[in-house]
Structure formats: structure tokens, C-alpha cells
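Undergrad: Starting off with a structure, shown below.
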Amino acid sequence: MTAIEGGCYCGAIRYRLNGPIAGTAACHCRKCQYGAGGGANHSALVARDAFELLRGTPVAHASKADSGTEVVRTFCGTCGTPLYSDTPNLPFRAVRVGSLDDGSRMAPSVHVWMEAAPPWHLTEPNAVCFVQGPGSRRL
Ligand SMILES: [Zn+2]
Ligand SMILES: [Zn+2]
């Protein structure tokens, strides 16, 4: 298997995923809308210790998620590309699909925090959509 690689738009940051993708998700919460420029935040989950930083140092910003837990979001300090986020109580890193070299096979398996989505956020037919976090009431 060829390792999945990614990085930011300007090339200052590069990374490699040395483990399988455990899942994909689109988060529609208000904070992710800021991070994504308006749309949902699309992430691929990978074990945190499988994430290998090859070049550069991402900028980190910590805040409280709508679920109440702390989330640390990282981005490139030069070009602003969102890169990944970490939640301390989860073993996974949520890598932003837009920073992967090839995100074409990373369609979201679940959509979360749909209660915060504006009416024009689209989901695919038969998508699994949760009102809040994973496991909450389904739409
Ligand atoms: Zn950059
Ligand atoms: Zn979110």
C-alpha cells in the first residue's frame, strides 16, 4: 500500500499517513464553518501515532468544541490551509481531506452537527446525518 501523503497549499508543510483511514466525516458545526471557509469540514480519521510530519510546523489553535471538549485545530501559518485537529480523549487525528494530495476517495461516511448547518449545506442521498455529535439523534 502506498502511504497517503498531504500538505498545505504553499508547500511549507508536508505529512504522511503511516496507517489506514479509520473513517471519514463531515462536521457542520459553526466552528468548522470558520475553519472550512463556510462549508462543512471534511476529515479523514487516522491513528495519531500514524501521522508523520515530514516538513514544517503547523500553527495550533485550541478552543472548546460544541460538545464541550477541547479541540486543537492546526493550519499552515503561511498559507492558512487547515491541516488537522486533535481531541485529547480520542486516539485519532482528524486530517482535513482538502490537505490530502488525493481526497477523491474520501467521501464522508457520516455527517455530524447538522443542527448548525445552513440550509444550503448539501449531503449525499442516504447520508448518515446526526443532529449533534456521532451517536446523537439522526436526521
Ligand atoms: Zn502553507
Ligand atoms: Zn465541527
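Scheme for the C-alpha cells: letters A, B, ... for chains in order shown; per-chain residue numbers from 1; ligand numbers from 1 in order shown.
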Considering only helix (DSSP H, G or I) as DSSP defines it on the backbone, what residues of chain A qualify? List them as a PyMOL selection string.
TA: chain A and resi 30-36+48-50+97-99+114-116
Undergrad: At a cut-off of 7 Å, can you tabulate as a tab-separated table every residue of chain A near ligand 1 together with its closest atom pair and the distance in Å to one decimal, using only C-alpha atoms and all ligand atoms and ordering rows by chain then number?
TA:
residue	atom	partner	partner_atom_place_in_ligand_line	distance
A:Cys8	CA	ligand 1	1 (Zn)	4.4
A:Tyr9	CA	ligand 1	1 (Zn)	5.0
A:Cys10	CA	ligand 1	1 (Zn)	3.9
A:Gly11	CA	ligand 1	1 (Zn)	5.3
A:Ala12	CA	ligand 1	1 (Zn)	4.8
A:Ile13	CA	ligand 1	1 (Zn)	6.0
A:Cys76	CA	ligand 1	1 (Zn)	4.6
A:Gly77	CA	ligand 1	1 (Zn)	6.6
A:Thr78	CA	ligand 1	1 (Zn)	5.0
A:Cys79	CA	ligand 1	1 (Zn)	4.1
A:Gly80	CA	ligand 1	1 (Zn)	6.1
A:Thr81	CA	ligand 1	1 (Zn)	6.0
Undergrad: For the residues selected in the previous step, produce a file with N, CA, C and O atoms as a compact mmCIF listing (two decimals), in the first residue's frame.
TA:
# COMPACT_ATOMS: atom_id res chain seq x y z
N CYS A 8 0.11 21.42 2.82
CA CYS A 8 -0.65 22.66 2.61
C CYS A 8 -0.46 23.17 1.19
O CYS A 8 0.36 22.67 0.43
N TYR A 9 -1.22 24.19 0.87
CA TYR A 9 -1.22 24.72 -0.48
C TYR A 9 0.14 25.30 -0.88
O TYR A 9 0.58 25.13 -2.01
N CYS A 10 0.83 25.98 0.05
CA CYS A 10 2.10 26.63 -0.31
C CYS A 10 3.28 25.68 -0.25
O CYS A 10 4.37 26.02 -0.71
N GLY A 11 3.10 24.50 0.32
CA GLY A 11 4.17 23.51 0.36
C GLY A 11 5.05 23.57 1.59
O GLY A 11 5.97 22.77 1.73
N ALA A 12 4.80 24.51 2.50
CA ALA A 12 5.63 24.63 3.70
C ALA A 12 5.48 23.42 4.60
O ALA A 12 6.40 23.06 5.33
N ILE A 13 4.31 22.80 4.57
CA ILE A 13 4.05 21.66 5.45
C ILE A 13 3.70 20.44 4.61
O ILE A 13 2.88 20.51 3.69
N CYS A 76 -1.61 25.88 8.33
CA CYS A 76 -0.33 26.44 7.90
C CYS A 76 -0.33 27.93 8.20
O CYS A 76 -1.24 28.65 7.78
N GLY A 77 0.69 28.40 8.92
CA GLY A 77 0.77 29.81 9.28
C GLY A 77 1.11 30.70 8.10
O GLY A 77 0.98 31.92 8.19
N THR A 78 1.53 30.12 7.00
CA THR A 78 1.87 30.93 5.83
C THR A 78 0.69 31.05 4.88
O THR A 78 0.32 32.15 4.48
N CYS A 79 0.08 29.93 4.51
CA CYS A 79 -1.00 29.99 3.51
C CYS A 79 -2.38 29.75 4.11
O CYS A 79 -3.38 29.93 3.43
N GLY A 80 -2.46 29.33 5.37
CA GLY A 80 -3.75 29.20 6.03
C GLY A 80 -4.49 27.90 5.79
O GLY A 80 -5.60 27.72 6.29
N THR A 81 -3.90 26.96 5.06
CA THR A 81 -4.58 25.69 4.79
C THR A 81 -4.88 24.95 6.09
O THR A 81 -3.97 24.71 6.89
Undergrad: Run DSSP on the backbone and give me the residues of segment 11-122 of chain A it puts in strand (DSSP E or B), as a PyMOL selection string.
TA: chain A and resi 14-17+23-27+41-47+51-55+59-64+70-75+82-86+92-96+100+110-112
Undergrad: Could you give me, as a list in words, every polymer residue with an atom at most 9 Å away from an atom of ligand 2, counting only C-alpha atoms and all ligand atoms?
TA: Ala26, Cys27, His28, Cys29, Arg30, Lys31, Cys32, Gln33, Gly35, Ala40, Asn41, Ala65, Asp66, Val112, Trp113 and Gly133 of chain A
Undergrad: Output C-alpha atoms for every residue in the selection just made, as a short mmCIF file (atom, residue, chain, number, x, y, z; two decimals), in the first residue's frame.
TA:
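Written file, again25.cif:
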data_model
loop_
_atom_site.label_atom_id
_atom_site.label_comp_id
_atom_site.auth_asym_id
_atom_site.auth_seq_id
_atom_site.Cartn_x
_atom_site.Cartn_y
_atom_site.Cartn_z
CA ALA A 26 -18.06 15.93 7.62
CA CYS A 27 -18.63 18.28 10.56
CA HIS A 28 -21.11 21.09 10.07
CA CYS A 29 -20.64 22.84 13.43
CA ARG A 30 -20.24 26.59 13.46
CA LYS A 31 -16.54 26.42 14.37
CA CYS A 32 -15.82 24.08 11.49
CA GLN A 33 -17.60 26.52 9.19
CA GLY A 35 -12.20 26.62 9.58
CA ALA A 40 -18.58 21.59 6.30
CA ASN A 41 -15.17 20.42 7.50
CA ALA A 65 -15.91 22.31 20.73
CA ASP A 66 -19.73 22.41 20.77
CA VAL A 112 -22.26 15.50 12.32
CA TRP A 113 -23.63 18.66 13.94
CA GLY A 133 -22.05 14.50 17.51
#
Undergrad: At a cut-off of 7 Å, using only C-alpha atoms, what residues contact Glu52 of chain A? Leave out same-chain residues fewer than 3 positions from it and give the result as number ranges by chain.
TA: A: 15-17
Undergrad: Excluding Ala47 of chain A and its own-chain neighbours fewer than 5 positions away, which residues fall within 9 Å of it when counting only C-alpha atoms? Please give them as number ranges by chain.
TA: A: 17-22, 91-94
Undergrad: Could the residues in this selection be written to a file with N, CA, C and O atoms, as a CSV table (one decimal), in the first residue's frame?
TA:
chain,number,residue,atom,x,y,z
A,17,LEU,N,0.7,9.6,6.1
A,17,LEU,CA,-0.1,8.8,7.0
A,17,LEU,C,0.4,7.4,6.9
A,17,LEU,O,0.3,6.7,5.9
A,18,ASN,N,0.9,6.9,8.0
A,18,ASN,CA,1.5,5.5,8.0
A,18,ASN,C,0.5,4.5,8.6
A,18,ASN,O,1.0,3.5,9.2
A,19,GLY,N,-0.7,4.7,8.4
A,19,GLY,CA,-1.7,3.8,8.9
A,19,GLY,C,-3.0,4.0,8.1
A,19,GLY,O,-3.1,5.0,7.3
A,20,PRO,N,-4.0,3.1,8.2
A,20,PRO,CA,-5.2,3.1,7.4
A,20,PRO,C,-6.1,4.2,7.9
A,20,PRO,O,-6.1,4.7,9.1
A,21,ILE,N,-7.0,4.7,7.0
A,21,ILE,CA,-8.0,5.6,7.4
A,21,ILE,C,-9.1,4.9,8.1
A,21,ILE,O,-9.6,3.9,7.7
A,22,ALA,N,-9.4,5.3,9.4
A,22,ALA,CA,-10.3,4.6,10.2
A,22,ALA,C,-11.8,5.1,9.9
A,22,ALA,O,-12.7,4.4,10.4
A,91,PRO,N,-8.1,8.8,20.2
A,91,PRO,CA,-6.8,8.4,19.7
A,91,PRO,C,-6.6,8.8,18.2
A,91,PRO,O,-5.5,8.5,17.7
A,92,PHE,N,-7.6,9.4,17.6
A,92,PHE,CA,-7.5,9.7,16.2
A,92,PHE,C,-7.2,11.1,16.0
A,92,PHE,O,-7.5,12.0,16.8
A,93,ARG,N,-6.5,11.4,14.9
A,93,ARG,CA,-6.3,12.7,14.4
A,93,ARG,C,-7.2,12.9,13.2
A,93,ARG,O,-7.3,12.0,12.3
A,94,ALA,N,-7.9,14.0,13.2
A,94,ALA,CA,-8.9,14.3,12.1
A,94,ALA,C,-8.2,15.1,11.0
A,94,ALA,O,-8.0,16.4,11.2
Undergrad: Figure out the distance between atom CA of Gly38 of chain A and atom CA of Pro118 of chain A, please, to one decimal in Å.
TA: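 Distance between the two atoms: 9.4 Å.
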Undergrad: Using only C-alpha atoms, which protein or nucleic acid residues come within 9 Å of Thr69 of chain A? Drop anything in the same chain fewer than 5 positions from it, and give the result as a list in words.
TA: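 Close residues of Thr69 of chain A: Ser63, Lys64, Thr87, Pro88 and Asn89 of chain A.
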Undergrad: What does the file look like for those residues with C-alpha atoms, as a short mmCIF file (atom, residue, chain, number, x, y, z; two decimals), in the first residue's frame?
TA:
data_model
loop_
_atom_site.label_atom_id
_atom_site.label_comp_id
_atom_site.auth_asym_id
_atom_site.auth_seq_id
_atom_site.Cartn_x
_atom_site.Cartn_y
_atom_site.Cartn_z
CA SER A 63 -10.82 26.02 21.65
CA LYS A 64 -13.85 24.34 23.17
CA THR A 87 -9.34 16.00 20.58
CA PRO A 88 -7.35 14.85 23.63
CA ASN A 89 -9.71 12.00 24.60
#
